[in-house]
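Peer 1: Here it is: the structure, laid out below.
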Amino acid sequence: MSPALIDQSATSQLERIQAGKLTSSELTRAYLDRIGDKDDSVGAFLRVDAAAAMATAAEIDQRREAGEKVGRLAGLPVATKDILCSRTEKTTCGSRMLENFSPPYDATVIDRLRRADAVLIGRTNMDEFAMGGSTENSALGTTRNPWNLDCVPGGSSGGAAACVAASMAPLSIGTDTGGSIRQPASFCGVVGLKPTYGRVSRYGLVAFASSLDQVGPLSSCVEDAALLLEVIAGHDARDSTSAPVNVPAYSASVDKPLENLRLGVVDEHLGEGVDGDVASAVREAIKVYESLGAKIVDVSLPHSRYGIATYYIIAPSEASSNLARYDGVQYGYRTDEKAMYAELDEERQRVEAAGGDPEEVDSPLVRMFRRTRSEAFGPEVKRRIMLGTYVLSAGYYDAYYLKALKVRRLIRDDYDMALEQVNFILGPVSPTPAFRAGERADDPLAMYLGDLFTVTGNLAGIPGISVPCGFTQSSLPVGLQLQGRPFDEERLLRAAYMFQQATDWHQRRAPL
Amino acid sequence: MALSKDDVRKVSLLARLQLSDEELDVMTSQLGEIVQYVDQLAELNTDDVEPMAHAVELVDVLVDDHPRDSLPREAALANAPKKDDECYRVPAVLGE
């Protein structure tokens, strides 16, 4: 029996649309129905505009029928993370700060999806400003893991991964600053690719940590990730950090196996601190590659154990500076000014009565900034702004930020050396499977330590992909990470596809 | 390096955040724990290491100096919480 329409790959759906056996309207309707059925329990989407999606689908069907030229994704629904600016809808970043923000322009990735005639089906939930690994930091909704509704979907692109795992969209766009595509992909049993830094334009992506942020695809299988990456990748004059590097036709080559593969494994990454079921699933995956003729080589990334410390200096530093723009002036939330003035009056009187200098009380403008930001940012965002401000403040810059930039170089050098010996490095995406909602809510450091195997890829700027490689004894998905050389996504996808073809993990569907 | 509640209060002003007394307590202990963790970088000798600010070290990206349309004023003002026909409105900066 062939799988239900919504459980098929986007690649095969597209073939059927092109062959005239399926319309975009039928496909979009099927996903909208599924969202109507299941998203109450999963909560992957913040907003779905069914009427707009159906109108786009009908328009694409009409153009195709009339024999007009249509785009590369013509008719396929794509979900987008609510962090990419769109001129036709709000972009909230999961924050009260931007709850009513309507961008005046499209992000380059959104623009490319429109030009490719994708059907933008809805906006997915995320940790506020992409800060978090469970999507529990969203101020605007709760997302659960389709494999176990008591567990988190991972994050920050939790909605992006959950909607694919729940067959509510075939393709989905996420962003990854420290693992935010790969970790939720791993937790939800889907494919997620973080491209090389500079591969995909960040224009119109609401910035968290500009030297680490990267946009990438999530999907149920590797060939679909190849298809989506092909559409969104490429140089963009509006992002000076986007790389002027050619984009291969990933979808054309993804099914071509690689020969003489040499794969690196870091011993410590399967040892202490890694969940036993996760380690066994990854060891099994290594055996699969061996059976495909790959040579497994021990490699060493001696500075990777400093990855979390380095990342949690650099990312909050960049965030504290990027998020300074949310001051209640140009866009977003502003505090109630009447209440603010009343508060200031009261404070001045109190200071005066105590014999102090009322000039020491904040000016109205400064107090407006402070109240606005404190009322509209959640605890994790405040924590990172505080941390970044502290490590960048006078006297600490050299000890923290500059030091971290130097260790970042050492981390990159480790990868460069290892990737001279091998084509790719294999390992777990996350030391644990999806955890129970609330479990790490009061322990930010424990949450940060879960990013151990992913942050180093962002610091080094190299591409990484998560592919489903098994399940724990409690039936939670496990992801295998492959990391490769900069701009080598073409072969990274082919290597991941080889594994997928030798296994059937990607065909499992969450029991919703 | 241990963080005091007073350090955290000062940083909150620099960060343009206003934290309640209770928030200051929680933040002091959480930031303290995180800072203590990241202090482990001090054990590495990095004297001869060039800092790496960016993964792709592109230099001198130049664009042609052609005037282009910028965002129309109405569009730029559209999301402002408080505005008039021409400007963003903020609390008085110079006196009352």
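Residue numbering restarts at 1 for every chain of the structure tokens, chains are lettered A, B, ... in their displayed order, and ligands are numbered from 1 as they appear.
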Compute the set of chain B residues within 7 Å of chain A, using only C-alpha atoms, and express it as a VMD selection string.
Peer 2: chain B and resid 11 to 12 15 to 18 31 34 37 to 38 41 46 49 to 56 61 75 79 to 81 88 90 to 93
Peer 1: If you run DSSP on the backbone, which residues of region 57-186 of chain A are strand (DSSP E), as a list in words?
Peer 2: Pro77, Val78, Ala79, Thr80, Lys81, Val119, Leu120, Ile121, Gly122, Arg123, Thr124, Leu171, Ser172, Ile173, Gly174, Thr175 and Asp176 of chain A
Peer 1: Create the file for the chosen residues now, containing N, CA and C atoms and written as a CSV table (one decimal), in the first residue's frame.
Peer 2:
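Below you can see result-v3.csv, which holds the result:
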```csv
chain,number,residue,atom,x,y,z
A,77,PRO,N,3.2,22.9,-0.5
A,77,PRO,CA,3.1,23.7,0.7
A,77,PRO,C,4.5,23.8,1.5
A,78,VAL,N,4.8,25.0,2.0
A,78,VAL,CA,6.0,25.1,2.8
A,78,VAL,C,5.6,25.9,4.1
A,79,ALA,N,6.0,25.4,5.2
A,79,ALA,CA,5.8,26.1,6.5
A,79,ALA,C,7.0,26.9,6.8
A,80,THR,N,6.8,28.1,7.3
A,80,THR,CA,8.0,29.0,7.6
A,80,THR,C,8.0,29.4,9.1
A,81,LYS,N,9.2,29.4,9.7
A,81,LYS,CA,9.4,29.8,11.1
A,81,LYS,C,9.1,31.3,11.2
A,119,VAL,N,3.6,27.2,-1.8
A,119,VAL,CA,2.4,27.7,-1.1
A,119,VAL,C,2.8,27.9,0.4
A,120,LEU,N,2.8,29.1,0.8
A,120,LEU,CA,3.2,29.4,2.2
A,120,LEU,C,2.0,29.1,3.1
A,121,ILE,N,2.1,28.0,3.8
A,121,ILE,CA,1.0,27.4,4.5
A,121,ILE,C,0.8,27.9,5.9
A,122,GLY,N,1.8,28.4,6.5
A,122,GLY,CA,1.6,28.9,7.9
A,122,GLY,C,3.0,29.2,8.6
A,123,ARG,N,2.9,29.8,9.7
A,123,ARG,CA,4.0,30.3,10.4
A,123,ARG,C,4.2,29.4,11.7
A,124,THR,N,5.4,28.9,11.9
A,124,THR,CA,5.6,27.9,13.0
A,124,THR,C,6.2,28.5,14.3
A,171,LEU,N,7.4,20.4,3.8
A,171,LEU,CA,8.6,21.1,3.8
A,171,LEU,C,8.5,22.2,4.8
A,172,SER,N,9.6,22.6,5.4
A,172,SER,CA,9.6,23.6,6.5
A,172,SER,C,10.9,24.3,6.5
A,173,ILE,N,10.8,25.6,6.9
A,173,ILE,CA,12.0,26.4,7.0
A,173,ILE,C,12.3,26.7,8.5
A,174,GLY,N,13.6,26.4,8.9
A,174,GLY,CA,14.0,26.7,10.2
A,174,GLY,C,15.2,27.6,10.2
A,175,THR,N,15.7,28.0,11.4
A,175,THR,CA,16.9,28.7,11.5
A,175,THR,C,17.8,28.0,12.6
A,176,ASP,N,19.1,28.1,12.5
A,176,ASP,CA,20.0,27.4,13.4
A,176,ASP,C,21.1,28.3,13.8
```
Peer 1: When DSSP is applied to the backbone of this structure, which of chain B are assigned helix (DSSP H, G or I)? Write them out as a PyMOL selection string.
Peer 2: chain B and resi 5-14+21-43+73-77
Peer 1: Would you pick out the contacts of Asp267 (chain A) at 9 Å or less, using only C-alpha atoms, so that residues sharing its chain but fewer than 5 positions from it are not included, and give the list as a ChimeraX atom specification?
Peer 2: /A:298-300
Peer 1: Would you save the residues from that selection as a PDB file, in the first residue's frame, using C-alpha atoms?
Peer 2:
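Listing of again36.pdb after writing:
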```pdb
ATOM      1  CA  ASP A 298      38.891   7.912  14.780  1.00  0.00           C
ATOM      2  CA  VAL A 299      39.214  11.666  14.772  1.00  0.00           C
ATOM      3  CA  SER A 300      39.799  14.128  17.553  1.00  0.00           C
TER       4      SER A 300
END
```
Peer 1: If you count only C-alpha atoms, which residues fall within 9 Å of region 7-17 of chain A, apart from same-chain ones fewer than 5 positions away, as number ranges by chain?
Peer 2: A: 2, 22-24, 27, 73-77, 167, 170-171, 219-221, 223-224, 227, 251, 507, 509
Peer 1: So which residues touch region 429-435 of chain A within 10 Å, counting only C-alpha atoms, skipping near sequence neighbours fewer than 5 positions away, as a PyMOL selection string?
Peer 2: chain A and resi 133-134+145+147-148+150-154+179+182-188+269-279+282+440+449-454+464-467+471-472+474-482
Peer 1: Generate the output file for the selected residues, C-alpha atoms, as an mmCIF file, in the first residue's frame.
Peer 2:
```
data_model
loop_
_atom_site.group_PDB
_atom_site.id
_atom_site.type_symbol
_atom_site.label_atom_id
_atom_site.label_comp_id
_atom_site.auth_asym_id
_atom_site.auth_seq_id
_atom_site.Cartn_x
_atom_site.Cartn_y
_atom_site.Cartn_z
ATOM 1 C CA GLY A 133 16.121 24.256 22.856
ATOM 2 C CA SER A 134 12.562 23.238 23.648
ATOM 3 C CA ASN A 145 6.484 16.504 20.323
ATOM 4 C CA TRP A 147 5.958 11.268 19.090
ATOM 5 C CA ASN A 148 5.019 11.901 22.701
ATOM 6 C CA ASP A 150 4.330 15.024 27.096
ATOM 7 C CA CYS A 151 7.710 15.824 25.574
ATOM 8 C CA VAL A 152 9.128 18.955 23.992
ATOM 9 C CA PRO A 153 9.736 19.094 20.225
ATOM 10 C CA GLY A 154 13.189 20.619 20.746
ATOM 11 C CA GLY A 179 21.543 23.666 16.800
ATOM 12 C CA ARG A 182 19.287 19.918 13.865
ATOM 13 C CA GLN A 183 18.215 19.319 17.476
ATOM 14 C CA PRO A 184 14.432 19.630 16.906
ATOM 15 C CA ALA A 185 14.832 17.533 13.736
ATOM 16 C CA SER A 186 16.505 14.899 15.897
ATOM 17 C CA PHE A 187 13.860 15.120 18.662
ATOM 18 C CA CYS A 188 11.002 14.864 16.126
ATOM 19 C CA HIS A 269 30.996 11.935 21.713
ATOM 20 C CA LEU A 270 29.609 8.452 22.339
ATOM 21 C CA GLY A 271 30.794 8.142 25.917
ATOM 22 C CA GLU A 272 30.001 9.687 29.244
ATOM 23 C CA GLY A 273 27.059 12.069 29.373
ATOM 24 C CA VAL A 274 25.401 10.588 26.301
ATOM 25 C CA ASP A 275 22.138 8.699 26.772
ATOM 26 C CA GLY A 276 22.687 4.951 26.292
ATOM 27 C CA ASP A 277 19.912 4.521 23.730
ATOM 28 C CA VAL A 278 21.204 7.507 21.756
ATOM 29 C CA ALA A 279 24.754 6.108 21.749
ATOM 30 C CA VAL A 282 24.434 6.121 16.567
ATOM 31 C CA ARG A 440 14.747 21.830 32.347
ATOM 32 C CA LEU A 449 24.673 21.793 27.956
ATOM 33 C CA GLY A 450 22.267 19.924 25.643
ATOM 34 C CA ASP A 451 23.705 21.974 22.755
ATOM 35 C CA LEU A 452 27.137 20.373 23.140
ATOM 36 C CA PHE A 453 27.311 18.612 19.766
ATOM 37 C CA THR A 454 25.685 21.312 17.669
ATOM 38 C CA GLY A 464 25.564 19.748 9.476
ATOM 39 C CA ILE A 465 22.566 17.528 8.892
ATOM 40 C CA SER A 466 20.402 15.505 11.256
ATOM 41 C CA VAL A 467 18.877 12.299 9.876
ATOM 42 C CA PHE A 471 14.445 5.143 18.508
ATOM 43 C CA THR A 472 14.984 4.936 22.232
ATOM 44 C CA SER A 474 10.601 4.728 25.108
ATOM 45 C CA SER A 475 9.949 5.222 21.365
ATOM 46 C CA LEU A 476 11.489 8.658 20.975
ATOM 47 C CA PRO A 477 13.409 9.389 17.769
ATOM 48 C CA VAL A 478 17.208 9.684 17.683
ATOM 49 C CA GLY A 479 19.080 11.784 15.121
ATOM 50 C CA LEU A 480 22.453 11.113 13.534
ATOM 51 C CA GLN A 481 24.560 14.163 12.774
ATOM 52 C CA LEU A 482 26.870 14.385 9.782
#
```
Peer 1: Considering only C-alpha atoms, return as a list in words whatever protein or nucleic-acid residues lie within 7 Å of Ser138 (chain A), sequence-local ones (same chain, fewer than 3 positions apart) excluded.
Peer 2: Gly94, Ser95, Met126, Asp127, Glu128, Thr135 and Gly141 of chain A
Peer 1: How would the residues just picked look written out with C-alpha atoms as a short mmCIF file (atom, residue, chain, number, x, y, z; two decimals), in the first residue's frame?
Peer 2:
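Output file result_3.cif is given in full below:
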```cif
data_model
loop_
_atom_site.label_atom_id
_atom_site.label_comp_id
_atom_site.auth_asym_id
_atom_site.auth_seq_id
_atom_site.Cartn_x
_atom_site.Cartn_y
_atom_site.Cartn_z
CA GLY A 94 7.42 34.05 19.45
CA SER A 95 7.66 37.27 21.47
CA MET A 126 9.67 28.85 18.14
CA ASP A 127 11.56 29.79 21.29
CA GLU A 128 11.37 33.56 21.73
CA THR A 135 10.19 25.88 22.19
CA GLY A 141 2.03 29.16 22.13
#
```
Peer 1: Residues at most 10 Å from Val8 (chain B), counting only C-alpha atoms, excluding those fewer than 5 positions away in the same chain, as a list in words?
Peer 2: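 Listed by chain and then number, they are Met386, Leu387 and Tyr390 of chain A; Leu3, Leu13, Leu14, Leu19, Leu24, Asp25, Met27, Thr28, Ser29, Leu31 and Gly32 of chain B.
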Peer 1: If you measure from CA of Ala285 (chain A) to CA of Trp505 (chain A), what distance in Å do you get, rounded to one decimal?
Peer 2: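 Distance between the two atoms: 10.9 Å.
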